[in-house]
Amino acid sequence: MTGILLELDLTRGVLETAPGSPLAAFRARHLPTVRELVVGLRKAARDEQVVGLVAHVGGPPLSLAKVQELRAAVAGFRAAGKRAVAWTESFGEVGGGTVPYYLASGFDEVWVQPSGELGITGVSVQATFVRGALDKAGVIPQFGKRREYKTAVDTFTEKEMTGPAREMASRLAESSYGQIVAGIAEGRELTAEQVRALVDQAPLSAEAGREAGLVDRLGYRSDVYDELHKRYGDETTALLVERYHRRGPRTVHDVLDQLPWPPKPAVAVIRVTGGITVGRNSGGGPLGGPRTGSDTVTAALRAAADDEKIKAVVLRIDSPGGSYVASDAIRHEVLRLRSTGKPVIASMSSVAASGGYFVAMPADVIVAQPGTITGSIGVLSGKGVVRDALGRVGITQQAVSEGENARMYSAQEEFSPAQWERLEETLDRIYTDFVAKAADDRGLAVDALEALARGRVWTGADAHEHGLVDELGGFEHALQLACDRAGLNRDEIAVAAVPNRSFVDRLRPPTSTEDLAVTAQPLTLDGLATSVYTALGLPPYGVLTMPLNWSVV
């Protein structure tokens with residue numbers, strides 16, 4: 001029997017979930033999802049035909065949380081006694097190699113091209129400010145926030161970091177860097193002090209990295225594969241992890257396992273991806289990513305509650321938040337689903353902040369990666385007045401209106417004192433409600449929760465320490481928790497994506513509002529406008545949006 005050498009090609013990028021729009025799905029048709037890779041490695045660990053794993057590290061940067069998800073999957077593969085090799089041309093040529101190397105350090109061997117380097121220069125948390133540009137353009141930023149750590153509005157109202165923003169950024173960097181250092185130290189059998197010293201000396205040449213114990217071998221791709229063929233035999237077949245996962249049944253056991261009868265108990269996976277809005281899911285516009293509609297998610301939660309085959313739900317979240325009312329609608333249905341006795345486990349991916357945290361907080365258990373960006377319990381709202389900016393290029397707008405506040409949110413007029421007071425009242429009301437519900441869901445006193453809120457963003461590790469997150473781990477850990485709480489055997493369940501409609505089902509006209517809710521919304525002019533807002537870094541989704549200007553690199 002020919003052995004299989006699995007290949008993990010990360011140079012193309014990795015998706016959190018398959019795109020919803022047909023065009024985006026076609027463009028991303030060859031890209032794997034995190035779940036495909038994790039499940040594929042889990043399956044391969046128990047497959048005698050799979051002899052090893054080789055990964056090409058590099059390409060589009062992955063979030064720290066996604067890297068931790070993959071790193072854990074590789075650890076499970078290695079625990080089965082199978083070797084894993086990582087190789088790259090270079091861990092960055094001008095820096096930017098810290099997170100990729102952190103991933104590679106979870107493998108048995110690390111290879112680097114002789115001409116490459118280790119750009120493991122550390123972690124930086126960056127913020128962008130456009131206030132100076134707005135002043136020059138004649139745009140008047142008018143934004144309110146609750147509270148001082150809700151820094152998304154700082155992008156437009158400030159020219160540099162405020163004291164609270166710098167404090168928050170420093171802790172994000174410190175926590176992320178500490179996780180990376182600890183992982184590298186464990187993987188390479190070094191002390192944390194040694195790793196920090198090497199990072200401070202970086203960038204390092206490939207040879208210097210080998211001498212320091214960060215790299216095992218120097219060689220090109222052909223050298224790596226020649227060595228692996230010597231180890232496993234020339235008859236070994238290379239196969240991408242996602243192709244291995246997608247291939248059909250290979251044994252009688254596999255065929256029997258996939259038969260629809262007898263039906264297996266199921267754990268539903270319901271996703272909240274991208275900005276949270278009122279309405280249906282959308283694949284996003286040409287400049288923006290996918291959006292989660294409250295109609296779609298709440299319909300899926302109700303369907304899970306009514307389906308006797310579904311015994312538990314994993315709510316998978318990768319969202320910076322968005323609409324307050326949409327987030328609240330989803331939270332309500334999570335609580336309603338829990339009242340049926342079915343456990344709900346929230347699984348946080350790269351980010352689950354503001355509205356993304358709002359929908360997670362009522363779950364039975366919240367699971368996050370140490371590097372997940374979460375929290376941001378706060379509120380923002382406002383507008384940029386572009387009247388003067390447009391006037392400079394000869395564009396004017398006039399309107400006739402009835403009602404004192406009909407033009408309150410017009411980008412042509414500044415808030416009046418009375419309107420600003422109303423805005424402040426709205427921010428206070430929403431913030432008070434957010435904090436109260438978070439305190440109730442997390443079993444904390446309001447004062448204790450308030451101290452953790454104030455718009456502050458946390459890493460998953462810090463959120464866990466403060467009680468905003470229950471356990472650290474990835475999707476597989478959340479799925480196991482769901483099984484444990486429902487009294488199920490992890491190896492004897494079906495994992496069902498909800499909603500999940502075939503192409504033919506999507507062509508059929510809806511028969512009810514529930515049927516309509518799970519139908520993806522096509523791209524509209526509104527979707528195009530949202531995409532433009534996203535491209536400009538503006539918060540288009542609503543008042544429960546996390547600070548958009550933080551990036552860990």
# chains A, B, ... in the order shown; residues from 1 in each chain; ligands from 1
$ select_by_dssp --residues "range 19-144 of chain A" --states "alpha helix (DSSP H)" --output "MDAnalysis selection string"
chainID A and resid 22:27 34:45 64:79 98:104 131:137
$ residues_around --residues "Thr17 in chain A" --least-positions-apart "6" --cutoff "10 Å" --atoms "only C-alpha atoms" --output "PyMOL selection string"
chain A and resi 32-36+271+273+290+318
$ residues_around --residues "Val386 in chain A" --least-positions-apart "6" --cutoff "7 Å" --atoms "only C-alpha atoms" --output "MDAnalysis selection string"
chainID A and resid 138:140 411:412
$ closest_residue --among "A:Ala461, A:Ala329, A:Val215, A:Leu240" --to "Leu31 in chain A" --atoms "only C-alpha atoms"
A:Leu240
$ atom_distance --atom1 "CA of Ala300 in chain A" --atom2 "CA of Val344 in chain A"
12.9 Å
$ residues_around --residues "Arg210 in chain A" --least-positions-apart "5" --cutoff "10 Å" --atoms "only C-alpha atoms" --output "PyMOL selection string"
chain A and resi 110-112+118+204-205+215-218
